[in-house]
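To start, the structure itself, in structure tokens.
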Amino acid sequence: MNKKFLLIGSGNFVNEIKPALSGLALEIEIANELAHIRSKLKKKEIDLIILDGDSVKDSLPIVQRSKVNFVVLSSKRNIQSVSRARAAGASDYILKPYNTRELNLRLSAVMNDKMRVSCIGGGTGLFNLLMGLKNVPGLIPSSIVSMTDDGGSSGRLRESFGILPPGDVRRSLVALSNAPEVMNEIMTYRFDRGSCFTGHNLGNLLLTALAKIKGSMSNAVSGLGDVLNIQGIVYPISHTKSRLCALFEDGRIVKGESNIDLCRNRPSELRIKDCWHEPESKCDISAYSSIINSDFVVMGTGDIFTSLRTNLLIKDIRKAITETRAKKIYICNLMTKPGETSNFDALDHIKEILKYLKGDCLDHIVISDNNKFSRDSILRYSKKVQFPVEVGDLREIKKITKAKIVVADVAHERELVRHDGEKLKDVMLEIIRKEG
């Protein structure tokens with residue numbers, strides 16, 4: 001049986017959105033005056049309301065009182081509008097102009113009561129998490145990606161074209177892709193010759209071209225997501241071109257994510273005392289809306305400072321994480337990293353997360369059972385001054401967080417020690433099952 005939608009908005013709004021909804025099995029009714037809206041809602045046959053937040057004044061209280069699920073579409077790009085809609089009971093807040101594929105995914109999530117999972121991070125850790133989640137029935141993953149990468153191909157393109165770095169969003173697009181394998185191979189192909197192309201990734205070049213054509217990295221990501229037929233949504237966490245900076249214990253300041261990451265000309269055991277962005281990063285409103293309207297928010301699997309904490313430096317991202325009703329999950333790193341987390345155990349990692357969240361809002365923490373690592377892997381990594389993150393004393397962890405601690409085998413060690421997407425998926429599904 002088809003679902004019944006009620007569109008509340010101006011004639012222009014209705015004419016624009018109806019073609020975008022053609023892929024959904026539904027019946028559509030229309031209302032644009034308060035009396036008409038009340039009349040439609042009295043029938044109690046509406047499954048979902050789509051409300052134009054830019055027209056039909058004073059309709060929000062009527063919709064709120066109806067107790068029918070509703071989604072707000074609006075051109076208002078501010079945190080207050082998202083929060084106001086959420087406080088009124090909206091199931092989602094979608095910015096105009098919208099991408100049709102993303103609109104249908106988000107409406108389908110509300111209409112069919114699917115789990116919305118926002119994954120915050122960057123690098124290969126986020127890639128592996130998304131690979132595990134993308135084909136889970138009844139679950140829609142959103143990848144919210146760090147935008148401070150300034151190394152390699154991303155850094156060169158960022159400097160040459162004045163764009164946001166494309167590398168991490170490219171990885172997320174490939175992870176969620178359902179395109180033929182050859183398309184994913186094209187996206188990950190890296191040139192090894194030619195003075196202008198050496199070291200560049202073709203997917204990064206495509207995103208650079210699209211960002212110039214479409215006017216923003218966000219539009220470029222949506223467009224390439226359509227081409228790759230991704231099973232989810234990818235959002236840049238910010239549209240601000242910012243630089244990650246770190247203050248170390250000895251007073252030295254290192255600027256640039258790649259410089260922090262590579263640990264050159266400083267002792268590897270030196271700890272980071274503080275981090276910030278120059279200039280201050282402003283959060284992307286769609287990323288904020290995704291977090292605030294999620295059922296689960298997952299943080300982690302990447303380097304704690306350069307892939308995760310760089311995102312938590314954004315004030316409104318922290319606000320969204322702490323204020324959302326979603327269950328919050330932190331996935332602890334597998335290995336220590338020289339120059340960032342030397343000698344860190346799980347407790348040290350969790351302390352850093354809580355420090356930048358400004359308090360304990362975590363519901364679950366996933367820690368790898370590193371007893372599963374082979375002696376060969378441990379020896380190989382020790383030569384790079386990297387060691388498994390020890391679980392440590394769980395009693396000490398429980399003193400600083402109310403979160404449920406899950407110690408599980410979530411890694412593989414085929415070429416490198418990495419989080420395993422399938423194992424993470426199984427742990428995530430068990431958490432979702434218990435919370436559901």
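Labels used: A, B, ... for chains in the order of the structure tokens, numbers from 1 for residues in each chain, and numbers from 1 for ligands as shown.
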
Residue set, stretch 6-158 of chain A restricted to alpha helix (DSSP H), as a ChimeraX atom specification: /A:11-20,34-42,59-66,79-87,100-111,123-133,152-158

Residues from last step as file, C-alpha atoms, as a JSON list (two decimals), in the first residue's frame:
```json
[["chain", "number", "residue", "atom", "x", "y", "z"],
["A", 11, "GLY", "CA", 2.63, 26.41, -5.54],
["A", 12, "ASN", "CA", 6.24, 26.84, -6.63],
["A", 13, "PHE", "CA", 7.44, 24.57, -3.81],
["A", 14, "VAL", "CA", 4.94, 21.85, -4.74],
["A", 15, "ASN", "CA", 5.80, 22.04, -8.45],
["A", 16, "GLU", "CA", 9.52, 21.78, -7.68],
["A", 17, "ILE", "CA", 9.36, 18.86, -5.25],
["A", 18, "LYS", "CA", 6.76, 16.61, -6.91],
["A", 19, "PRO", "CA", 9.14, 15.40, -9.68],
["A", 20, "ALA", "CA", 11.80, 14.67, -7.04],
["A", 34, "LEU", "CA", -3.99, 27.14, 7.39],
["A", 35, "ALA", "CA", -7.66, 26.15, 7.18],
["A", 36, "HIS", "CA", -6.87, 23.68, 4.40],
["A", 37, "ILE", "CA", -3.99, 22.21, 6.43],
["A", 38, "ARG", "CA", -6.24, 21.68, 9.45],
["A", 39, "SER", "CA", -8.85, 20.00, 7.26],
["A", 40, "LYS", "CA", -6.32, 17.61, 5.73],
["A", 41, "LEU", "CA", -4.84, 16.68, 9.10],
["A", 42, "LYS", "CA", -8.23, 15.90, 10.63],
["A", 59, "SER", "CA", 1.94, 26.27, 10.02],
["A", 60, "LEU", "CA", 4.61, 24.71, 12.27],
["A", 61, "PRO", "CA", 2.44, 24.68, 15.46],
["A", 62, "ILE", "CA", -0.46, 23.07, 13.56],
["A", 63, "VAL", "CA", 1.80, 20.37, 12.16],
["A", 64, "GLN", "CA", 3.37, 19.82, 15.57],
["A", 65, "ARG", "CA", -0.03, 19.25, 17.19],
["A", 66, "SER", "CA", -1.04, 16.75, 14.51],
["A", 79, "ILE", "CA", 21.70, 26.33, 13.52],
["A", 80, "GLN", "CA", 18.74, 28.07, 15.14],
["A", 81, "SER", "CA", 16.34, 27.01, 12.36],
["A", 82, "VAL", "CA", 17.46, 23.38, 12.57],
["A", 83, "SER", "CA", 17.14, 23.37, 16.35],
["A", 84, "ARG", "CA", 13.73, 25.07, 16.23],
["A", 85, "ALA", "CA", 12.40, 22.46, 13.83],
["A", 86, "ARG", "CA", 13.81, 19.63, 15.95],
["A", 87, "ALA", "CA", 12.33, 21.10, 19.13],
["A", 100, "THR", "CA", 17.11, 14.38, -5.29],
["A", 101, "ARG", "CA", 18.90, 11.14, -4.33],
["A", 102, "GLU", "CA", 19.75, 12.46, -0.87],
["A", 103, "LEU", "CA", 16.21, 13.81, -0.39],
["A", 104, "ASN", "CA", 14.69, 10.42, -1.21],
["A", 105, "LEU", "CA", 17.11, 8.63, 1.14],
["A", 106, "ARG", "CA", 16.26, 10.94, 4.02],
["A", 107, "LEU", "CA", 12.51, 10.79, 3.41],
["A", 108, "SER", "CA", 12.70, 7.01, 3.13],
["A", 109, "ALA", "CA", 14.51, 6.87, 6.48],
["A", 110, "VAL", "CA", 11.69, 8.77, 8.20],
["A", 111, "MET", "CA", 8.87, 7.11, 6.28],
["A", 123, "GLY", "CA", 41.06, 8.61, 6.78],
["A", 124, "THR", "CA", 41.06, 4.85, 6.26],
["A", 125, "GLY", "CA", 39.32, 4.15, 9.58],
["A", 126, "LEU", "CA", 36.15, 5.89, 8.45],
["A", 127, "PHE", "CA", 36.41, 4.10, 5.08],
["A", 128, "ASN", "CA", 36.41, 0.66, 6.75],
["A", 129, "LEU", "CA", 33.49, 1.55, 9.03],
["A", 130, "LEU", "CA", 31.38, 2.72, 6.08],
["A", 131, "MET", "CA", 32.23, -0.39, 4.07],
["A", 132, "GLY", "CA", 30.77, -2.46, 6.87],
["A", 133, "LEU", "CA", 27.60, -0.42, 7.29],
["A", 152, "GLY", "CA", 49.70, 14.86, -0.47],
["A", 153, "SER", "CA", 47.34, 15.29, -3.41],
["A", 154, "SER", "CA", 44.63, 16.92, -1.27],
["A", 155, "GLY", "CA", 47.03, 19.54, 0.05],
["A", 156, "ARG", "CA", 48.36, 20.41, -3.40],
["A", 157, "LEU", "CA", 44.86, 20.79, -4.84],
["A", 158, "ARG", "CA", 43.77, 22.82, -1.83]]
```

Would you tabulate, counting only C-alpha atoms, all residues of stretch 241-326 of chain A that have an atom at most 12 Å from an atom of stretch 401-425 of chain A, showing the closest pair of atoms and their distance in Å to one decimal, sorted by chain then ascending number, as a tab-separated table?
```
residue	atom	partner	partner_atom	distance
A:Val298	CA	A:Leu424	CA	11.2
A:Gly300	CA	A:His419	CA	10.5
A:Thr301	CA	A:His419	CA	7.0
A:Gly302	CA	A:His419	CA	9.3
A:Asp303	CA	A:Arg418	CA	11.6
```

All residues 9 Å or closer to A:Arg243, only C-alpha atoms, same chain fewer than 4 positions away omitted, as a list in words: Thr148, Asp149, Asp150, Lys255, Gly256, Glu257, Trp276, His277, Glu278, Pro279, Glu280 and Ser281 of chain A

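Residue nearest A:Asn343, chosen from A:Gly392, A:Gly232, A:Gly199, A:Gly23 and counting only C-alpha atoms: A:Gly392.
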
Surrounding residues of A:Glu45 excluding itself and chain neighbours under 3 positions, 12 Å, only C-alpha atoms, as a ChimeraX atom specification: /A:2-6,27-29,39-42,48-49,66-69

Next, write the just-selected residues to a file, as a PDB file, in the first residue's frame, keeping C-alpha atoms as the atom set.
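Wrote it out as result_35.pdb, contents follow:
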```pdb
ATOM      1  CA  ASN A   2       1.342   3.413  -0.979  1.00  0.00           C
ATOM      2  CA  LYS A   3       2.290   5.901   1.715  1.00  0.00           C
ATOM      3  CA  LYS A   4       0.391   9.186   1.722  1.00  0.00           C
ATOM      4  CA  PHE A   5       2.350  12.459   1.811  1.00  0.00           C
ATOM      5  CA  LEU A   6       0.970  15.893   2.588  1.00  0.00           C
ATOM      6  CA  GLU A  27       0.143   9.351  -2.836  1.00  0.00           C
ATOM      7  CA  ILE A  28       0.433  13.118  -2.586  1.00  0.00           C
ATOM      8  CA  GLU A  29      -1.989  15.647  -1.158  1.00  0.00           C
ATOM      9  CA  SER A  39      -8.847  19.999   7.263  1.00  0.00           C
ATOM     10  CA  LYS A  40      -6.324  17.607   5.735  1.00  0.00           C
ATOM     11  CA  LEU A  41      -4.843  16.681   9.097  1.00  0.00           C
ATOM     12  CA  LYS A  42      -8.233  15.901  10.630  1.00  0.00           C
ATOM     13  CA  LEU A  48       4.364  11.968   6.377  1.00  0.00           C
ATOM     14  CA  ILE A  49       4.219  15.748   6.081  1.00  0.00           C
ATOM     15  CA  SER A  66      -1.043  16.750  14.512  1.00  0.00           C
ATOM     16  CA  LYS A  67       1.405  14.111  15.880  1.00  0.00           C
ATOM     17  CA  VAL A  68       2.180  13.084  12.282  1.00  0.00           C
ATOM     18  CA  ASN A  69       5.842  12.626  11.314  1.00  0.00           C
TER      19      ASN A  69
END
```

Residue nearest A:Arg433 among A:Phe344, A:Ala209, A:Phe296, A:Phe70 (counting only C-alpha atoms): A:Phe296

Expected answer as number ranges by chain: strand (DSSP E) residues in stretch 178-391 of chain A: A: 233-236, 243-248, 253-255, 272-278, 296-300, 327-331, 364-368

Those residues you just picked out, can you put them in a file as an mmCIF file, in the first residue's frame with N, CA and C atoms?
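Listing of part-v9.cif after writing:
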```cif
data_model
loop_
_atom_site.group_PDB
_atom_site.id
_atom_site.type_symbol
_atom_site.label_atom_id
_atom_site.label_comp_id
_atom_site.auth_asym_id
_atom_site.auth_seq_id
_atom_site.Cartn_x
_atom_site.Cartn_y
_atom_site.Cartn_z
ATOM 1 N N ILE A 233 24.958 9.042 2.483
ATOM 2 C CA ILE A 233 25.195 10.449 2.163
ATOM 3 C C ILE A 233 26.537 10.851 2.751
ATOM 4 N N VAL A 234 27.272 11.697 2.022
ATOM 5 C CA VAL A 234 28.567 12.205 2.488
ATOM 6 C C VAL A 234 28.476 13.723 2.626
ATOM 7 N N TYR A 235 28.896 14.240 3.785
ATOM 8 C CA TYR A 235 28.899 15.678 4.033
ATOM 9 C C TYR A 235 30.299 16.141 4.440
ATOM 10 N N PRO A 236 30.836 17.184 3.814
ATOM 11 C CA PRO A 236 31.993 17.854 4.420
ATOM 12 C C PRO A 236 31.557 18.442 5.763
ATOM 13 N N ARG A 243 43.240 25.468 9.075
ATOM 14 C CA ARG A 243 44.468 24.717 9.314
ATOM 15 C C ARG A 243 44.464 24.197 10.744
ATOM 16 N N LEU A 244 44.763 22.923 10.914
ATOM 17 C CA LEU A 244 44.855 22.344 12.244
ATOM 18 C C LEU A 244 46.203 22.714 12.861
ATOM 19 N N CYS A 245 46.167 23.207 14.096
ATOM 20 C CA CYS A 245 47.377 23.598 14.814
ATOM 21 C C CYS A 245 47.429 22.856 16.142
ATOM 22 N N ALA A 246 48.641 22.544 16.605
ATOM 23 C CA ALA A 246 48.802 21.806 17.862
ATOM 24 C C ALA A 246 49.881 22.439 18.717
ATOM 25 N N LEU A 247 49.601 22.557 20.005
ATOM 26 C CA LEU A 247 50.577 23.000 20.998
ATOM 27 C C LEU A 247 51.068 21.772 21.746
ATOM 28 N N PHE A 248 52.398 21.572 21.757
ATOM 29 C CA PHE A 248 52.964 20.406 22.428
ATOM 30 C C PHE A 248 53.437 20.767 23.839
ATOM 31 N N ILE A 253 54.772 24.906 18.765
ATOM 32 C CA ILE A 253 53.510 24.898 18.019
ATOM 33 C C ILE A 253 53.779 24.358 16.622
ATOM 34 N N VAL A 254 52.991 23.387 16.210
ATOM 35 C CA VAL A 254 53.099 22.803 14.872
ATOM 36 C C VAL A 254 51.804 23.105 14.132
ATOM 37 N N LYS A 255 51.918 23.637 12.921
ATOM 38 C CA LYS A 255 50.740 24.011 12.139
ATOM 39 C C LYS A 255 50.631 23.136 10.892
ATOM 40 N N ILE A 272 50.607 16.106 22.820
ATOM 41 C CA ILE A 272 49.899 17.314 22.412
ATOM 42 C C ILE A 272 49.120 17.855 23.611
ATOM 43 N N LYS A 273 49.309 19.120 23.887
ATOM 44 C CA LYS A 273 48.636 19.766 25.012
ATOM 45 C C LYS A 273 47.306 20.391 24.598
ATOM 46 N N ASP A 274 47.256 20.945 23.377
ATOM 47 C CA ASP A 274 46.034 21.607 22.935
ATOM 48 C C ASP A 274 46.016 21.656 21.408
ATOM 49 N N CYS A 275 44.819 21.830 20.837
ATOM 50 C CA CYS A 275 44.636 21.938 19.381
ATOM 51 C C CYS A 275 43.649 23.058 19.077
ATOM 52 N N TRP A 276 43.766 23.626 17.878
ATOM 53 C CA TRP A 276 42.805 24.627 17.427
ATOM 54 C C TRP A 276 42.872 24.744 15.903
ATOM 55 N N HIS A 277 41.930 25.465 15.330
ATOM 56 C CA HIS A 277 41.902 25.735 13.891
ATOM 57 C C HIS A 277 42.259 27.196 13.622
ATOM 58 N N GLU A 278 42.992 27.419 12.566
ATOM 59 C CA GLU A 278 43.258 28.783 12.075
ATOM 60 C C GLU A 278 42.844 28.852 10.611
ATOM 61 N N PHE A 296 21.948 7.187 15.774
ATOM 62 C CA PHE A 296 23.257 6.852 16.335
ATOM 63 C C PHE A 296 24.310 7.775 15.733
ATOM 64 N N VAL A 297 25.262 8.186 16.563
ATOM 65 C CA VAL A 297 26.414 8.954 16.104
ATOM 66 C C VAL A 297 27.664 8.155 16.468
ATOM 67 N N VAL A 298 28.480 7.875 15.463
ATOM 68 C CA VAL A 298 29.692 7.075 15.682
ATOM 69 C C VAL A 298 30.911 7.960 15.465
ATOM 70 N N MET A 299 31.801 7.990 16.454
ATOM 71 C CA MET A 299 33.033 8.763 16.368
ATOM 72 C C MET A 299 34.218 7.812 16.471
ATOM 73 N N GLY A 300 35.199 8.024 15.588
ATOM 74 C CA GLY A 300 36.413 7.258 15.768
ATOM 75 C C GLY A 300 36.806 6.405 14.591
ATOM 76 N N LYS A 327 22.149 7.909 20.245
ATOM 77 C CA LYS A 327 23.136 7.224 21.071
ATOM 78 C C LYS A 327 24.525 7.468 20.484
ATOM 79 N N LYS A 328 25.465 7.807 21.363
ATOM 80 C CA LYS A 328 26.810 8.158 20.916
ATOM 81 C C LYS A 328 27.793 7.012 21.158
ATOM 82 N N ILE A 329 28.513 6.650 20.099
ATOM 83 C CA ILE A 329 29.465 5.534 20.165
ATOM 84 C C ILE A 329 30.859 6.048 19.802
ATOM 85 N N TYR A 330 31.834 5.762 20.637
ATOM 86 C CA TYR A 330 33.234 6.081 20.313
ATOM 87 C C TYR A 330 33.980 4.778 20.064
ATOM 88 N N ILE A 331 34.684 4.694 18.929
ATOM 89 C CA ILE A 331 35.496 3.524 18.595
ATOM 90 C C ILE A 331 36.963 3.899 18.790
ATOM 91 N N HIS A 364 28.334 4.343 24.393
ATOM 92 C CA HIS A 364 29.075 3.092 24.181
ATOM 93 C C HIS A 364 30.495 3.424 23.741
ATOM 94 N N ILE A 365 31.450 2.616 24.204
ATOM 95 C CA ILE A 365 32.840 2.731 23.768
ATOM 96 C C ILE A 365 33.293 1.352 23.317
ATOM 97 N N VAL A 366 33.828 1.279 22.089
ATOM 98 C CA VAL A 366 34.298 0.016 21.537
ATOM 99 C C VAL A 366 35.828 0.023 21.559
ATOM 100 N N ILE A 367 36.410 -0.964 22.240
ATOM 101 C CA ILE A 367 37.859 -1.087 22.362
ATOM 102 C C ILE A 367 38.277 -2.424 21.778
ATOM 103 N N SER A 368 39.350 -2.403 20.995
ATOM 104 C CA SER A 368 39.818 -3.631 20.360
ATOM 105 C C SER A 368 40.458 -4.565 21.389
#
```

Exercise: A:Asn204 partners within 12 Å, only C-alpha atoms, chain neighbours under 4 positions left out, as JSON, numbers by chain: {"A": [152, 153, 154, 155, 156, 157, 158, 161, 163, 164, 165, 166, 167, 168, 169, 170, 171, 173, 174, 186, 187, 188, 189, 190, 191, 197, 199, 200, 208, 209, 210, 211, 217, 220, 221, 224]}

d(atom CA of A:Ser74, atom CA of A:Tyr93) in Å: 7.4 Å

All residues 8 Å or closer to A:Tyr356, only C-alpha atoms, same chain fewer than 4 positions away omitted, as a PyMOL selection string: chain A and resi 309+312-313+318+352

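Taking only C-alpha atoms into account, A:Ser286 lies nearest to A:Pro97 out of the set A:Gly225, A:Pro97, A:Pro137, A:Gly251.
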
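When only C-alpha atoms are used to measure the gap to A:Ala31, the shortest distance among A:Asn135, A:Thr322, A:Ser382, A:Ser10 belongs to A:Ser10.
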